[in-house]
Amino acid sequence: MSSGIHSAAKHTVKTEWFMGAVAAAIALAAMGLGLAYGKVERSSLHQKLYGWAAAVVLVLAGAYAIIHLSRAIGRLVTRQSNPGAGATIRLVTNGLGYVFLIIALLAVLGVSLDHLLIGAGVAGIILGVAAQQSLGNVFAAIVMLFARPFVVGDHIRIRSGVTGVLDVKVLGIGLTYVTVMSDDGVLRVPNSIMLGAGIGHLKQGAAPIPSPPPWAPPVPGTQNNAPPASAPPAPNEKTASGTAASGTEDAATNSGLPPGTPTL
């Protein structure tokens with residue numbers, strides 16, 4: 001029974017590859033014919049028909065190829081790595097495929113790509129600066145996909161300046177977060193933190209390190225709100241009145257007046 005299910009799944013993946021490859025070949029052929037014989041602007045009627053027909057075939061076949069090829073690649077990565085990695089690579093493949101499809105469509109329609117590429121570059125820079133943290137998590141997910149420091153189900157130890165030392169079990173790997181189970185519950189750690197942390201697998205039978213206790217604010221009146229304790233005066237230290245009196249007597253003696261004479 002299990003062998004039949006495995007063969008059916010394998011046949012499904014082969015079908016995805018075949019359908020995606022055929023659709024990609026049709027899309028490439030449509031793009032080539034459109035660039036060679038089709039022209040939308042300032043052309044005859046049959047050249048416009050060639051151009052628009054090639055554009056329609058390119059869009060339909062290209063989208064069909066992107067869907068099936070990304071699905072096949074995702075299943076392949078899922079088998080070799082883990083389900084979270086397969087979903088990540090499928091999303092990345094979809095995005096890149098549609099970007100190339102739009103560029104090919106504009107080329108077939110005769111739209112100048114110079115200004116478009118300049119605008120796309122400026123927009124990419126602005127988007128990269130605005131979404132730096134999110135894009136960092138996505139690229140970290142891709143790096144961990146190929147490096148494979150851990151997979152779903154592993155018991156690992158994380159050493160990071162942000163999280164400290166944690167012993168956790170990996171529950172899932174997504175596009176932006178790694179979901180782990182610690183001794184006090186489920187924790188979602190950003191991929192960029194996981195990529196910059198030291199990660200090692202726990203030995204069998206090793207006692208996990210407990211999570212640090214949560215930070216609690218100080219109780220009012222126990223630290224900064226308590227008045228400072230005044231130190232007792234030293235035995236040879238003079239009081240304020242004694243210091244003032246001795247200072248007055250010293251001033252009178254230095255001025256040549258008898259003691260007890262008031263001075264200004």
# chains A, B, ... in the order shown; residues from 1 in each chain; ligands from 1

$ select_by_dssp --residues "stretch 35-206 of chain A" --states "alpha helix (DSSP H)" --output "PyMOL selection string"
chain A and resi 35-37+45-80+83-109+113-130+132-147+191-196

$ select_by_dssp --residues "stretch 2-214 of chain A" --states "strand (DSSP E or B)" --output "PyMOL selection string"
chain A and resi 155-160+164-173+177-182+185-190+198-201

$ write_last_selection --atoms "N, CA and C atoms" --output "mmCIF file, in the first residue's frame"
data_model
loop_
_atom_site.group_PDB
_atom_site.id
_atom_site.type_symbol
_atom_site.label_atom_id
_atom_site.label_comp_id
_atom_site.auth_asym_id
_atom_site.auth_seq_id
_atom_site.Cartn_x
_atom_site.Cartn_y
_atom_site.Cartn_z
ATOM 1 N N HIS A 155 16.423 18.586 18.062
ATOM 2 C CA HIS A 155 16.620 19.255 19.350
ATOM 3 C C HIS A 155 17.960 19.996 19.272
ATOM 4 N N ILE A 156 17.902 21.323 19.343
ATOM 5 C CA ILE A 156 19.094 22.140 19.131
ATOM 6 C C ILE A 156 19.299 23.078 20.304
ATOM 7 N N ARG A 157 20.512 23.605 20.395
ATOM 8 C CA ARG A 157 20.869 24.634 21.381
ATOM 9 C C ARG A 157 21.232 25.901 20.624
ATOM 10 N N ILE A 158 20.580 26.999 20.978
ATOM 11 C CA ILE A 158 20.778 28.291 20.330
ATOM 12 C C ILE A 158 21.587 29.180 21.270
ATOM 13 N N ARG A 159 22.683 29.723 20.767
ATOM 14 C CA ARG A 159 23.494 30.688 21.523
ATOM 15 C C ARG A 159 23.492 31.995 20.736
ATOM 16 N N SER A 160 22.807 32.994 21.265
ATOM 17 C CA SER A 160 22.673 34.271 20.588
ATOM 18 C C SER A 160 22.703 35.391 21.609
ATOM 19 N N GLY A 164 19.969 34.703 24.184
ATOM 20 C CA GLY A 164 20.737 33.992 25.196
ATOM 21 C C GLY A 164 20.959 32.548 24.764
ATOM 22 N N VAL A 165 20.979 31.646 25.723
ATOM 23 C CA VAL A 165 21.165 30.222 25.455
ATOM 24 C C VAL A 165 19.827 29.529 25.658
ATOM 25 N N LEU A 166 19.345 28.871 24.604
ATOM 26 C CA LEU A 166 18.056 28.188 24.651
ATOM 27 C C LEU A 166 18.215 26.779 24.089
ATOM 28 N N ASP A 167 17.601 25.831 24.753
ATOM 29 C CA ASP A 167 17.510 24.461 24.254
ATOM 30 C C ASP A 167 16.070 24.241 23.801
ATOM 31 N N VAL A 168 15.878 23.998 22.507
ATOM 32 C CA VAL A 168 14.538 23.967 21.944
ATOM 33 C C VAL A 168 14.426 22.805 20.963
ATOM 34 N N LYS A 169 13.176 22.540 20.565
ATOM 35 C CA LYS A 169 12.867 21.581 19.515
ATOM 36 C C LYS A 169 12.262 22.341 18.343
ATOM 37 N N VAL A 170 12.770 22.096 17.140
ATOM 38 C CA VAL A 170 12.317 22.801 15.945
ATOM 39 C C VAL A 170 10.976 22.230 15.505
ATOM 40 N N LEU A 171 9.969 23.108 15.414
ATOM 41 C CA LEU A 171 8.639 22.704 14.984
ATOM 42 C C LEU A 171 8.363 23.040 13.525
ATOM 43 N N GLY A 172 8.957 24.098 13.015
ATOM 44 C CA GLY A 172 8.694 24.501 11.642
ATOM 45 C C GLY A 172 9.654 25.576 11.192
ATOM 46 N N ILE A 173 9.886 25.648 9.876
ATOM 47 C CA ILE A 173 10.764 26.647 9.270
ATOM 48 C C ILE A 173 9.964 27.360 8.202
ATOM 49 N N TYR A 177 10.103 33.226 9.954
ATOM 50 C CA TYR A 177 10.317 32.781 11.327
ATOM 51 C C TYR A 177 10.636 31.296 11.362
ATOM 52 N N VAL A 178 11.354 30.927 12.427
ATOM 53 C CA VAL A 178 11.563 29.529 12.789
ATOM 54 C C VAL A 178 10.770 29.283 14.062
ATOM 55 N N THR A 179 9.837 28.347 14.027
ATOM 56 C CA THR A 179 8.998 28.040 15.179
ATOM 57 C C THR A 179 9.638 26.932 15.985
ATOM 58 N N VAL A 180 9.868 27.193 17.274
ATOM 59 C CA VAL A 180 10.517 26.223 18.153
ATOM 60 C C VAL A 180 9.675 26.051 19.409
ATOM 61 N N MET A 181 9.915 24.952 20.101
ATOM 62 C CA MET A 181 9.251 24.660 21.369
ATOM 63 C C MET A 181 10.286 24.698 22.477
ATOM 64 N N SER A 182 10.152 25.667 23.400
ATOM 65 C CA SER A 182 11.020 25.766 24.562
ATOM 66 C C SER A 182 10.295 25.193 25.770
ATOM 67 N N GLY A 185 6.982 27.181 26.391
ATOM 68 C CA GLY A 185 5.983 27.387 25.350
ATOM 69 C C GLY A 185 6.599 27.510 23.968
ATOM 70 N N VAL A 186 5.716 27.821 22.995
ATOM 71 C CA VAL A 186 6.130 27.964 21.597
ATOM 72 C C VAL A 186 6.767 29.333 21.398
ATOM 73 N N LEU A 187 7.873 29.370 20.662
ATOM 74 C CA LEU A 187 8.617 30.600 20.423
ATOM 75 C C LEU A 187 8.898 30.712 18.929
ATOM 76 N N ARG A 188 8.682 31.899 18.356
ATOM 77 C CA ARG A 188 8.968 32.159 16.950
ATOM 78 C C ARG A 188 10.163 33.104 16.858
ATOM 79 N N VAL A 189 11.248 32.595 16.334
ATOM 80 C CA VAL A 189 12.499 33.343 16.253
ATOM 81 C C VAL A 189 12.699 33.791 14.810
ATOM 82 N N PRO A 190 13.005 35.077 14.536
ATOM 83 C CA PRO A 190 13.249 35.510 13.157
ATOM 84 C C PRO A 190 14.437 34.761 12.533
ATOM 85 N N GLY A 198 24.804 30.888 17.132
ATOM 86 C CA GLY A 198 25.494 29.609 17.168
ATOM 87 C C GLY A 198 24.508 28.494 17.465
ATOM 88 N N ILE A 199 24.463 27.489 16.599
ATOM 89 C CA ILE A 199 23.461 26.429 16.697
ATOM 90 C C ILE A 199 24.170 25.092 16.731
ATOM 91 N N GLY A 200 23.807 24.253 17.678
ATOM 92 C CA GLY A 200 24.361 22.913 17.786
ATOM 93 C C GLY A 200 23.287 21.929 18.195
ATOM 94 N N HIS A 201 23.476 20.682 17.801
ATOM 95 C CA HIS A 201 22.522 19.633 18.153
ATOM 96 C C HIS A 201 22.833 19.088 19.545
#

$ atom_distance --atom1 "atom CA of A:His46" --atom2 "atom CA of A:Gly34"
11.7 Å

$ closest_residue --among "A:Ser192, A:Ser44, A:Thr78, A:Thr15" --to "A:Val143" --atoms "only C-alpha atoms"
A:Ser192

$ residues_around --residues "stretch 97-100 of chain A" --least-positions-apart "2" --cutoff "10 Å" --atoms "only C-alpha atoms" --output "PyMOL selection string"
chain A and resi 59+62-63+65-67+69-70+91-95+102-105

$ write_last_selection --atoms "C-alpha atoms" --output "mmCIF file, in the first residue's frame"
data_model
loop_
_atom_site.group_PDB
_atom_site.id
_atom_site.type_symbol
_atom_site.label_atom_id
_atom_site.label_comp_id
_atom_site.auth_asym_id
_atom_site.auth_seq_id
_atom_site.Cartn_x
_atom_site.Cartn_y
_atom_site.Cartn_z
ATOM 1 C CA VAL A 59 1.134 35.020 -20.762
ATOM 2 C CA GLY A 62 4.254 31.281 -19.017
ATOM 3 C CA ALA A 63 1.865 31.418 -16.058
ATOM 4 C CA ALA A 65 4.761 26.866 -16.581
ATOM 5 C CA ILE A 66 5.516 28.955 -13.484
ATOM 6 C CA ILE A 67 2.758 27.289 -11.468
ATOM 7 C CA LEU A 69 7.543 24.201 -12.203
ATOM 8 C CA SER A 70 7.444 26.003 -8.851
ATOM 9 C CA LEU A 91 7.236 31.282 -3.137
ATOM 10 C CA VAL A 92 10.651 32.523 -4.296
ATOM 11 C CA THR A 93 10.374 30.606 -7.570
ATOM 12 C CA ASN A 94 6.894 32.025 -8.201
ATOM 13 C CA GLY A 95 8.089 35.577 -7.637
ATOM 14 C CA ILE A 102 6.537 40.555 -17.220
ATOM 15 C CA ILE A 103 9.888 41.513 -18.757
ATOM 16 C CA ALA A 104 9.337 39.086 -21.661
ATOM 17 C CA LEU A 105 5.802 40.389 -22.235
#

$ atom_distance --atom1 "atom CA of A:Asn191" --atom2 "atom CA of A:Gln204"
25.8 Å

$ residues_around --residues "A:Ala54" --least-positions-apart "3" --cutoff "7 Å" --atoms "only C-alpha atoms" --output "NGL selection string"
:A and (30-31 or 33-34 or 50-51 or 57-58)

$ write_last_selection --atoms "N, CA and C atoms" --output "PDB file, in the first residue's frame"
ATOM      1  N   ALA A  30       6.685  31.313 -28.270  1.00  0.00           N
ATOM      2  CA  ALA A  30       5.829  32.470 -28.513  1.00  0.00           C
ATOM      3  C   ALA A  30       6.618  33.774 -28.385  1.00  0.00           C
ATOM      4  N   MET A  31       7.513  33.841 -27.416  1.00  0.00           N
ATOM      5  CA  MET A  31       8.317  35.049 -27.270  1.00  0.00           C
ATOM      6  C   MET A  31       9.231  35.242 -28.475  1.00  0.00           C
ATOM      7  N   LEU A  33       8.810  34.109 -31.615  1.00  0.00           N
ATOM      8  CA  LEU A  33       8.013  34.489 -32.790  1.00  0.00           C
ATOM      9  C   LEU A  33       7.505  35.925 -32.674  1.00  0.00           C
ATOM     10  N   GLY A  34       7.130  36.316 -31.464  1.00  0.00           N
ATOM     11  CA  GLY A  34       6.662  37.686 -31.289  1.00  0.00           C
ATOM     12  C   GLY A  34       7.750  38.708 -31.534  1.00  0.00           C
ATOM     13  N   TYR A  50       0.229  39.326 -35.071  1.00  0.00           N
ATOM     14  CA  TYR A  50       1.279  38.424 -34.608  1.00  0.00           C
ATOM     15  C   TYR A  50       1.762  38.813 -33.215  1.00  0.00           C
ATOM     16  N   GLY A  51       1.937  40.105 -33.019  1.00  0.00           N
ATOM     17  CA  GLY A  51       2.441  40.572 -31.728  1.00  0.00           C
ATOM     18  C   GLY A  51       1.477  40.294 -30.590  1.00  0.00           C
ATOM     19  N   VAL A  57      -0.326  34.136 -25.925  1.00  0.00           N
ATOM     20  CA  VAL A  57       0.205  32.787 -25.722  1.00  0.00           C
ATOM     21  C   VAL A  57       1.325  32.801 -24.682  1.00  0.00           C
ATOM     22  N   LEU A  58       2.146  33.836 -24.727  1.00  0.00           N
ATOM     23  CA  LEU A  58       3.242  33.942 -23.757  1.00  0.00           C
ATOM     24  C   LEU A  58       2.721  34.048 -22.329  1.00  0.00           C
TER      25      LEU A  58
END
